[in-house]
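Colleague: final.cif is reproduced below (mmCIF, C-alpha atoms and all ligand atoms).
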```cif
data_work
loop_
_atom_site.label_atom_id
_atom_site.label_comp_id
_atom_site.auth_asym_id
_atom_site.auth_seq_id
_atom_site.Cartn_x
_atom_site.Cartn_y
_atom_site.Cartn_z
CA MET D 1 -96.07 -1.77 127.96
CA ALA D 2 -98.64 -0.01 130.11
CA THR D 3 -100.26 3.05 128.61
CA HIS D 4 -102.30 4.17 131.63
CA VAL D 5 -100.42 4.13 134.87
CA ILE D 6 -101.14 6.23 137.88
CA PRO D 7 -98.02 8.26 138.68
CA SER D 8 -96.78 7.18 142.05
CA ASN D 9 -93.50 6.93 143.85
CA ALA D 10 -94.40 3.36 144.77
CA PRO D 11 -95.50 1.55 141.61
CA LEU D 12 -94.42 -1.82 143.02
CA LYS D 13 -96.92 -3.48 145.35
CA ASP D 14 -93.91 -4.63 147.30
CA ILE D 15 -90.21 -4.18 146.48
CA ASP D 16 -89.98 -7.97 146.12
CA GLU D 17 -91.93 -7.50 142.89
CA TRP D 18 -88.68 -6.28 141.34
CA ASP D 19 -86.81 -9.38 142.56
CA ASP D 20 -89.53 -11.59 141.06
CA PHE D 21 -89.23 -9.77 137.73
CA LEU D 22 -85.48 -10.45 137.68
CA THR D 23 -85.89 -14.10 138.65
CA GLY D 24 -88.08 -14.59 135.58
CA ARG D 25 -85.86 -12.48 133.34
CA TYR D 26 -82.73 -14.48 134.06
CA GLN D 27 -84.38 -17.88 134.43
CA GLU D 28 -82.64 -19.76 131.64
CA GLY D 29 -80.28 -18.80 128.85
CA LYS D 30 -82.44 -16.28 127.02
CA SER D 31 -81.54 -14.72 123.67
CA GLU D 32 -81.59 -10.93 123.16
CA ASP D 33 -85.04 -11.29 121.58
CA GLU D 34 -86.40 -13.31 124.45
CA PHE D 35 -85.26 -10.64 126.92
CA ARG D 36 -87.22 -8.07 124.94
CA GLN D 37 -90.31 -10.30 124.85
CA TYR D 38 -90.05 -10.90 128.57
CA ASP D 39 -89.73 -7.16 129.31
CA GLU D 40 -92.78 -6.39 127.20
CA LYS D 41 -94.83 -8.66 129.44
CA ALA D 42 -93.71 -6.86 132.62
CA THR D 43 -96.57 -5.74 134.85
CA PRO D 44 -97.51 -2.05 134.60
CA GLY D 45 -96.10 -1.62 138.08
CA VAL D 46 -92.67 -2.97 137.14
CA ALA D 47 -92.54 -0.95 133.90
CA GLU D 48 -93.52 2.21 135.76
CA PHE D 49 -90.93 1.46 138.42
CA TYR D 50 -88.19 1.28 135.77
CA ARG D 51 -89.49 4.44 134.10
CA LEU D 52 -89.07 6.38 137.36
CA ASN D 53 -85.71 4.74 138.09
CA HIS D 54 -84.28 5.63 134.72
CA GLN D 55 -85.68 9.16 134.77
CA TYR D 56 -84.58 10.20 138.24
CA GLN D 57 -81.23 8.45 138.78
CA THR D 58 -79.23 11.41 137.48
CA PHE D 59 -75.57 12.10 138.13
CA ASP D 60 -76.49 14.94 140.51
CA TYR D 61 -78.96 12.74 142.38
CA VAL D 62 -76.32 10.05 142.86
CA ILE D 63 -73.74 12.49 144.16
CA ALA D 64 -76.26 13.97 146.62
CA LYS D 65 -77.28 10.52 147.93
CA GLU D 66 -73.67 9.40 148.27
CA LYS D 67 -73.10 12.47 150.42
CA GLU D 68 -76.19 11.79 152.47
CA TYR D 69 -75.63 8.08 153.12
CA PHE D 70 -71.99 7.15 152.59
CA GLY D 71 -70.97 9.08 155.70
CA LEU D 72 -72.73 6.33 157.69
CA ASN D 73 -74.29 8.73 160.13
CA LYS D 74 -77.82 7.27 160.26
CA GLY D 75 -77.24 5.59 163.61
CA GLU D 76 -76.20 2.15 164.76
CA LYS D 77 -78.09 -1.10 164.33
CA SER D 78 -77.56 -4.74 165.11
CA ILE D 79 -77.92 -7.36 162.39
CA TRP D 80 -80.85 -9.79 162.63
CA VAL D 81 -82.30 -10.78 159.27
CA LEU D 82 -81.98 -14.15 157.52
CA GLN D 83 -82.10 -14.53 153.74
CA THR D 84 -80.19 -16.25 150.93
CA SER D 85 -77.42 -17.40 153.25
CA GLU D 86 -78.78 -20.84 154.09
CA ALA D 87 -78.63 -21.96 150.45
CA ILE D 88 -75.03 -20.77 150.24
CA ARG D 89 -74.18 -22.55 153.47
CA LYS D 90 -75.74 -25.81 152.27
CA ASP D 91 -73.44 -25.77 149.25
CA GLY D 92 -70.41 -25.66 151.54
CA HIS D 93 -69.13 -22.18 150.65
CA PRO D 94 -66.81 -20.25 153.02
CA ARG D 95 -68.23 -18.45 156.01
CA TRP D 96 -67.72 -14.96 154.52
CA PHE D 97 -69.80 -16.07 151.50
CA VAL D 98 -72.64 -17.29 153.76
CA LEU D 99 -72.51 -14.01 155.64
CA THR D 100 -72.63 -12.08 152.36
CA GLY D 101 -75.85 -13.90 151.49
CA PHE D 102 -77.29 -12.87 154.82
CA ILE D 103 -76.43 -9.19 154.57
CA HIS D 104 -76.63 -8.45 150.84
CA ASP D 105 -80.13 -6.95 150.84
CA LEU D 106 -80.00 -5.17 154.19
CA GLY D 107 -79.43 -1.92 152.31
CA LYS D 108 -83.19 -2.04 151.63
CA VAL D 109 -83.47 -0.43 155.04
CA LEU D 110 -83.26 2.76 152.93
CA CYS D 111 -87.02 2.32 152.39
CA LEU D 112 -87.57 2.81 156.11
CA TRP D 113 -85.76 6.13 155.85
CA GLY D 114 -88.13 7.40 153.22
CA GLU D 115 -86.19 6.69 150.03
CA PRO D 116 -88.49 5.92 147.08
CA GLN D 117 -88.56 2.42 145.56
CA TRP D 118 -86.73 3.62 142.44
CA GLY D 119 -83.90 4.85 144.65
CA VAL D 120 -83.57 1.59 146.62
CA VAL D 121 -83.97 -1.31 144.18
CA GLY D 122 -83.64 -1.78 140.42
CA ASP D 123 -80.74 -2.82 138.23
CA THR D 124 -77.85 -0.45 138.82
CA PHE D 125 -75.76 1.36 136.19
CA PRO D 126 -72.98 3.95 136.19
CA VAL D 127 -73.98 7.60 135.90
CA GLY D 128 -71.80 10.22 134.20
CA CYS D 129 -71.26 8.12 131.07
CA ALA D 130 -73.37 6.62 128.27
CA TYR D 131 -76.07 4.10 129.23
CA SER D 132 -75.57 0.57 127.98
CA LYS D 133 -78.18 -0.84 125.61
CA ASP D 134 -78.12 -3.90 127.88
CA ILE D 135 -79.89 -2.08 130.68
CA VAL D 136 -83.51 -3.15 130.99
CA PHE D 137 -85.97 -0.60 129.46
CA PRO D 138 -83.26 1.60 127.94
CA GLU D 139 -85.88 3.82 126.25
CA TYR D 140 -86.83 5.30 129.62
CA PHE D 141 -83.49 7.07 129.83
CA LYS D 142 -84.84 9.55 127.30
CA ALA D 143 -86.52 11.32 130.22
CA ASN D 144 -83.34 11.49 132.32
CA PRO D 145 -81.91 15.04 132.22
CA ASP D 146 -78.40 13.57 131.96
CA ILE D 147 -79.26 12.59 128.39
CA ASN D 148 -78.83 16.28 127.49
CA ASN D 149 -75.34 16.51 128.95
CA PRO D 150 -73.03 15.65 126.04
CA LEU D 151 -70.16 14.64 128.30
CA TYR D 152 -72.35 12.18 130.22
CA GLN D 153 -73.41 10.59 126.96
CA THR D 154 -69.96 9.70 125.66
CA LYS D 155 -68.67 6.17 125.99
CA TYR D 156 -66.29 7.00 128.85
CA GLY D 157 -68.10 10.09 130.13
CA ILE D 158 -66.33 11.63 133.12
CA TYR D 159 -64.20 8.49 133.56
CA GLU D 160 -60.90 7.20 132.17
CA PRO D 161 -60.74 4.05 130.05
CA ASN D 162 -60.49 0.96 132.30
CA CYS D 163 -60.34 3.18 135.39
CA GLY D 164 -61.89 0.44 137.53
CA LEU D 165 -65.37 -0.08 138.97
CA GLY D 166 -64.40 1.56 142.23
CA LYS D 167 -64.07 4.90 140.44
CA LEU D 168 -67.61 4.82 139.04
CA HIS D 169 -70.61 6.48 140.55
CA MET D 170 -73.33 3.86 140.35
CA SER D 171 -77.05 4.67 140.34
CA PHE D 172 -77.97 4.91 144.01
CA GLY D 173 -79.58 1.99 145.78
CA HIS D 174 -79.37 -0.77 148.37
CA ASP D 175 -76.28 -2.36 146.79
CA GLY D 176 -73.87 0.55 146.93
CA TYR D 177 -75.12 1.44 150.36
CA ILE D 178 -74.58 -1.97 151.96
CA GLY D 179 -71.16 -2.15 150.29
CA GLU D 180 -70.27 1.08 152.03
CA VAL D 181 -71.63 -0.07 155.41
CA MET D 182 -69.61 -3.30 155.18
CA LYS D 183 -66.40 -1.98 153.65
CA ASN D 184 -64.34 -2.35 156.81
CA TYR D 185 -65.65 -5.78 157.71
CA MET D 186 -65.91 -8.02 154.67
CA PRO D 187 -63.28 -9.37 152.24
CA GLU D 188 -62.96 -7.86 148.80
CA GLU D 189 -64.83 -10.67 147.00
CA SER D 190 -67.77 -10.04 149.28
CA LEU D 191 -67.67 -6.29 148.70
CA TYR D 192 -67.89 -6.91 144.96
CA MET D 193 -70.93 -9.13 145.52
CA LEU D 194 -72.54 -6.52 147.75
CA ARG D 195 -71.80 -3.52 145.52
CA TYR D 196 -72.55 -5.01 142.14
CA HIS D 197 -75.16 -7.70 142.68
CA SER D 198 -77.80 -5.64 140.80
CA PHE D 199 -75.40 -4.47 138.07
CA TYR D 200 -76.99 -6.92 135.62
CA SER D 201 -75.89 -5.18 132.43
CA ALA D 202 -72.30 -5.87 133.51
CA HIS D 203 -72.41 -9.23 135.25
CA ARG D 204 -75.01 -10.89 133.03
CA HIS D 205 -74.67 -9.08 129.71
CA GLY D 206 -70.96 -8.19 129.66
CA ALA D 207 -71.46 -4.42 129.36
CA TYR D 208 -69.10 -1.70 130.62
CA ARG D 209 -65.92 -3.74 130.19
CA HIS D 210 -64.26 -0.56 128.85
CA LEU D 211 -64.47 1.00 132.32
CA MET D 212 -63.26 -2.06 134.22
CA SER D 213 -59.78 -3.08 135.26
CA GLU D 214 -58.59 -6.65 134.74
CA HIS D 215 -59.00 -7.16 138.45
CA ASP D 216 -62.66 -6.12 138.24
CA ILE D 217 -63.27 -8.70 135.54
CA GLU D 218 -61.76 -11.42 137.74
CA MET D 219 -63.84 -10.27 140.69
CA LEU D 220 -67.05 -10.29 138.62
CA GLU D 221 -66.79 -14.08 138.63
CA TRP D 222 -67.64 -13.90 142.31
CA VAL D 223 -70.61 -11.67 141.58
CA ASN D 224 -71.87 -14.26 139.10
CA LYS D 225 -71.34 -17.04 141.60
CA PHE D 226 -73.39 -15.09 144.09
CA ASN D 227 -76.13 -14.17 141.62
CA VAL D 228 -77.35 -17.78 141.35
CA TYR D 229 -78.23 -17.72 145.04
CA ASP D 230 -79.69 -14.24 144.89
CA LEU D 231 -82.11 -15.22 142.14
CA TYR D 232 -83.07 -18.75 143.02
CA SER D 233 -82.89 -19.28 146.75
CA LYS D 234 -86.07 -17.44 147.66
CA GLY D 235 -89.28 -19.09 148.73
CA HIS D 236 -87.91 -22.55 149.51
CA THR D 237 -88.26 -24.12 152.96
CA LYS D 238 -88.59 -21.62 155.78
CA PRO D 239 -85.49 -21.80 157.97
CA ASN D 240 -86.00 -22.46 161.66
CA LEU D 241 -84.78 -19.23 163.22
CA ALA D 242 -84.28 -20.52 166.73
CA GLU D 243 -82.23 -23.46 165.47
CA LEU D 244 -80.03 -21.30 163.28
CA LYS D 245 -79.46 -18.46 165.70
CA PRO D 246 -76.34 -19.86 167.38
CA TYR D 247 -74.63 -20.40 164.01
CA TYR D 248 -75.36 -16.86 162.87
CA ASP D 249 -74.53 -15.26 166.21
CA ASP D 250 -71.17 -16.90 165.88
CA LEU D 251 -70.77 -15.79 162.27
CA PHE D 252 -71.60 -12.17 163.09
CA ALA D 253 -69.21 -12.18 166.02
CA GLU D 254 -66.44 -13.43 163.73
CA PHE D 255 -66.78 -10.50 161.30
CA PHE D 256 -68.61 -7.66 163.04
CA PRO D 257 -68.40 -5.61 166.22
CA ALA D 258 -71.62 -5.52 168.28
CA LYS D 259 -72.87 -2.41 166.50
CA ILE D 260 -72.22 -1.14 163.01
CA ALA D 261 -72.52 2.39 161.62
CA TRP D 262 -75.32 2.73 159.00
FE FE D 301 -80.37 -6.95 146.27
FE FE D 302 -81.31 -10.23 146.90
#
```
For this file, produce the structure as structure tokens.
Modeller:
Amino acid sequence: MATHVIPSNAPLKDIDEWDDFLTGRYQEGKSEDEFRQYDEKATPGVAEFYRLNHQYQTFDYVIAKEKEYFGLNKGEKSIWVLQTSEAIRKDGHPRWFVLTGFIHDLGKVLCLWGEPQWGVVGDTFPVGCAYSKDIVFPEYFKANPDINNPLYQTKYGIYEPNCGLGKLHMSFGHDGYIGEVMKNYMPEESLYMLRYHSFYSAHRHGAYRHLMSEHDIEMLEWVNKFNVYDLYSKGHTKPNLAELKPYYDDLFAEFFPAKIAW
């Protein structure tokens, strides 16, 4: 791990650096030991990014950001980006699944509104209860003030056993935000994919089952199905935008009004 890093709110050269780190981390069935070895080789930028993320994503921070963004009062925007969706479409998945691929990372627009990298990307985790050992770089939580709140450090914290994922306050970022933006437009399976696609400790390592309902566990299958495309569909052939536009215009019109509240 890096010993000399310049403190900065933007340790990643580009927020895609985090995506690349994950792609390598989850490449093929790694053992617990191999995860640790992989993490030790993280670039100083990635390690510093996680240090900031784990230090500053406190319960109070999350509640404040939910208040700021979940009211969807940042204005209205049309949808125009193209991402993971083409790979999903090629595999013959339903239209809502293709659309989910297209929109899943649009919450990164938070960067344009001045949110720091550690508050936009990174693996997500619930706040207000104990951190799972399956979260990447767990040692960095030592600097999070929530570590000194005894209630927040119990297994269930402020939550009830198996209360359901919907009751949890997740560390703030692009996932929870896009889930909120899309909650009136997309089916439930899609909302799980949107909300929890970076919740790696849960969907890849099986953590936090004690806070989930049986329904959540069923729905996590969809998150796993989606994750394959999220990790491995980047950087292949560049889609021809002009050619694809009619298909996507149609898809948007099927699910969305002309403008959406962000
Ligand atoms: Fe994402
Ligand atoms: Fe993504």
Colleague: How would you write as a PyMOL selection string the residues that get within 12 Å of (-67.2, -2.7, 151.4) in the file's frame, counting all atoms listed in the file?
Modeller: chain D and resi 70+100+103-104+166+175-196
Colleague: Per residue of chain D within 7 Å of ligand FE 302 (chain D), what are the shortest atom pair and its distance in Å to one decimal, counting only C-alpha atoms and all ligand atoms, with rows by chain and residue number, as JSON lines?
Modeller:
```
{"residue": "D:His104", "atom": "CA", "partner": "D:FE302", "partner_atom": "FE", "distance": 6.4}
{"residue": "D:Asp105", "atom": "CA", "partner": "D:FE302", "partner_atom": "FE", "distance": 5.3}
{"residue": "D:Asp230", "atom": "CA", "partner": "D:FE302", "partner_atom": "FE", "distance": 4.8}
{"residue": "D:Leu231", "atom": "CA", "partner": "D:FE302", "partner_atom": "FE", "distance": 6.9}
```
Colleague: Name the closest residue to D:Pro145 among the candidates D:Phe102, D:Phe125, D:Tyr208, D:Phe59; distances are taken between atoms, counting all atoms listed in the file.
Modeller: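 Of all the options, D:Phe59 lies closest to D:Pro145.
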Colleague: With 12 Å as the threshold, what does the neighbourhood of (-81.3, -0.8, 126.2) contain in terms of residues, counting all atoms listed in the file? Coordinates are those of the file; answer as a ChimeraX atom specification.
Modeller: /D:32,35-36,39,50,54,125,130-142,201,205,207
Colleague: Nearest residue to D:Leu52 out of D:Tyr156, D:Leu112, D:Arg95, D:Leu12, using only C-alpha atoms?
Modeller: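 Looking only at the distances to D:Leu52, the closest residue turns out to be D:Leu12.
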Colleague: One number please: atom CA of D:Leu220 to atom CA of D:Thr154, in Å, one decimal.
Modeller: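 Atom-to-atom, atom CA of D:Leu220 and atom CA of D:Thr154 are spaced 24.0 Å apart.
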Colleague: Restricting the calculation to only C-alpha atoms: of D:Asp146, D:Asp216, D:Asp123, D:Glu254, which residue gets closest to D:His197?
Modeller: D:Asp123
Colleague: Nearest to ligand FE 301 (chain D): which of D:Asp91, D:Asp19, D:Asp14, D:Glu218 is it, counting all atoms listed in the file?
Modeller: D:Asp19
Colleague: Can you tell me, as JSON, the centre and edge lengths (Å, one decimal) of the axis-aligned box enclosing all of stretch 195-205 of chain D's listed atoms after padding each side by 6 Å?
Modeller:
```
{"center_x": -74.8, "center_y": -7.2, "center_z": 137.6, "size_x": 18.0, "size_y": 19.4, "size_z": 27.8}
```
Colleague: If we count only C-alpha atoms, what is near D:Asp20 at a cut-off of 10 Å, once residues fewer than 4 positions away on the same chain are taken out, given as a PyMOL selection string?
Modeller: chain D and resi 15-16+24-25+46+231-232+234
Colleague: Quick one: pull the distance between atom CA of D:Gly114 and atom CA of D:Tyr69, Å, one decimal.
Modeller: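 Going from atom CA of D:Gly114 over to atom CA of D:Tyr69, I get 12.5 Å.
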Colleague: Taking all atoms listed in the file into account, name the residue in D:Lys30, D:Lys245, D:His174, D:Lys155 that is nearest to ligand FE 301 (chain D).
Modeller: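 Residue with the minimum atom-to-atom distance to ligand FE 301 (chain D): D:His174.
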Colleague: Would you work out the distance separating atom CA of D:Phe172 from atom CA of D:Asn9, expressed in Å to one decimal?
Modeller: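 A separation of 15.7 Å between them.
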Colleague: List the spatial neighbours of D:Pro239 as a list in words - criterion: any atom at most 10 Å away, all atoms listed in the file, same-chain residues fewer than 6 positions off excluded.
Modeller: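 The filter keeps Leu82, Gln83 and Glu86 of chain D.
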Colleague: Calculated over only C-alpha atoms, which of the candidates D:Ala242, D:Val81, D:Met212, D:Val121 has the smallest distance to D:Glu160?
Modeller: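 That would be D:Met212, the residue with the smallest distance to D:Glu160.
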Colleague: Set the distance at 12 Å and use all atoms listed in the file: which residues neighbour D:Asp249 once local chain neighbours fewer than 3 positions away are removed? I'd like the list as a PyMOL selection string.
Modeller: chain D and resi 78-82+99+102+241-246+252-258
Colleague: Output as a compact mmCIF listing (two decimals), in the coordinates of the input: stretch 99-110 of chain D, completed with all heavy atoms.
Modeller:
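Once everything was written out, this is result-v6.txt:
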```txt
# COMPACT_ATOMS: atom_id res chain seq x y z
N LEU D 99 -72.18 -15.30 155.01
CA LEU D 99 -72.51 -14.01 155.64
C LEU D 99 -72.92 -12.98 154.59
O LEU D 99 -73.85 -12.18 154.80
CB LEU D 99 -71.30 -13.53 156.45
CG LEU D 99 -71.49 -12.25 157.26
CD1 LEU D 99 -72.72 -12.34 158.18
CD2 LEU D 99 -70.24 -11.97 158.08
N THR D 100 -72.27 -13.00 153.44
CA THR D 100 -72.63 -12.08 152.36
C THR D 100 -74.08 -12.31 151.93
O THR D 100 -74.83 -11.35 151.71
CB THR D 100 -71.68 -12.28 151.16
OG1 THR D 100 -70.34 -12.06 151.59
CG2 THR D 100 -72.01 -11.31 150.03
N GLY D 101 -74.47 -13.58 151.84
CA GLY D 101 -75.85 -13.90 151.49
C GLY D 101 -76.82 -13.31 152.51
O GLY D 101 -77.88 -12.78 152.16
N PHE D 102 -76.43 -13.38 153.75
CA PHE D 102 -77.29 -12.87 154.82
C PHE D 102 -77.46 -11.35 154.76
O PHE D 102 -78.55 -10.82 154.97
CB PHE D 102 -76.69 -13.27 156.17
CG PHE D 102 -77.59 -12.96 157.32
CD1 PHE D 102 -78.48 -13.92 157.80
CD2 PHE D 102 -77.56 -11.72 157.93
CE1 PHE D 102 -79.33 -13.64 158.86
CE2 PHE D 102 -78.41 -11.42 158.98
CZ PHE D 102 -79.29 -12.39 159.45
N ILE D 103 -76.39 -10.65 154.46
CA ILE D 103 -76.43 -9.19 154.57
C ILE D 103 -76.72 -8.46 153.26
O ILE D 103 -76.98 -7.26 153.27
CB ILE D 103 -75.10 -8.63 155.14
CG1 ILE D 103 -73.93 -8.97 154.20
CG2 ILE D 103 -74.86 -9.16 156.54
CD1 ILE D 103 -72.57 -8.44 154.68
N HIS D 104 -76.70 -9.16 152.12
CA HIS D 104 -76.63 -8.45 150.84
C HIS D 104 -77.79 -7.50 150.58
O HIS D 104 -77.63 -6.51 149.89
CB HIS D 104 -76.46 -9.42 149.67
CG HIS D 104 -77.72 -10.07 149.22
ND1 HIS D 104 -78.27 -11.15 149.86
CD2 HIS D 104 -78.58 -9.76 148.20
CE1 HIS D 104 -79.39 -11.49 149.25
NE2 HIS D 104 -79.60 -10.67 148.25
N ASP D 105 -78.97 -7.81 151.12
CA ASP D 105 -80.13 -6.95 150.84
C ASP D 105 -80.50 -6.03 152.01
O ASP D 105 -81.53 -5.37 151.97
CB ASP D 105 -81.34 -7.80 150.45
CG ASP D 105 -81.38 -8.08 148.95
OD1 ASP D 105 -80.65 -7.39 148.19
OD2 ASP D 105 -82.12 -8.98 148.54
N LEU D 106 -79.66 -6.01 153.03
CA LEU D 106 -80.00 -5.17 154.19
C LEU D 106 -80.01 -3.69 153.85
O LEU D 106 -80.60 -2.89 154.58
CB LEU D 106 -79.01 -5.43 155.35
CG LEU D 106 -79.06 -6.81 155.99
CD1 LEU D 106 -78.14 -6.84 157.21
CD2 LEU D 106 -80.47 -7.19 156.40
N GLY D 107 -79.39 -3.32 152.74
CA GLY D 107 -79.43 -1.92 152.31
C GLY D 107 -80.85 -1.45 152.00
O GLY D 107 -81.11 -0.25 151.90
N LYS D 108 -81.79 -2.40 151.88
CA LYS D 108 -83.19 -2.04 151.63
C LYS D 108 -83.80 -1.29 152.82
O LYS D 108 -84.91 -0.78 152.72
CB LYS D 108 -84.00 -3.28 151.26
CG LYS D 108 -83.63 -3.82 149.88
CD LYS D 108 -84.40 -5.09 149.53
CE LYS D 108 -83.92 -5.62 148.17
NZ LYS D 108 -84.50 -6.94 147.86
N VAL D 109 -83.07 -1.25 153.89
CA VAL D 109 -83.47 -0.43 155.04
C VAL D 109 -83.66 1.04 154.61
O VAL D 109 -84.36 1.81 155.28
CB VAL D 109 -82.42 -0.55 156.18
CG1 VAL D 109 -81.10 0.13 155.81
CG2 VAL D 109 -82.94 0.00 157.49
N LEU D 110 -83.08 1.40 153.48
CA LEU D 110 -83.26 2.76 152.93
C LEU D 110 -84.74 3.11 152.79
O LEU D 110 -85.13 4.27 152.93
CB LEU D 110 -82.59 2.88 151.56
CG LEU D 110 -81.05 2.91 151.53
CD1 LEU D 110 -80.54 2.73 150.11
CD2 LEU D 110 -80.52 4.21 152.13
```
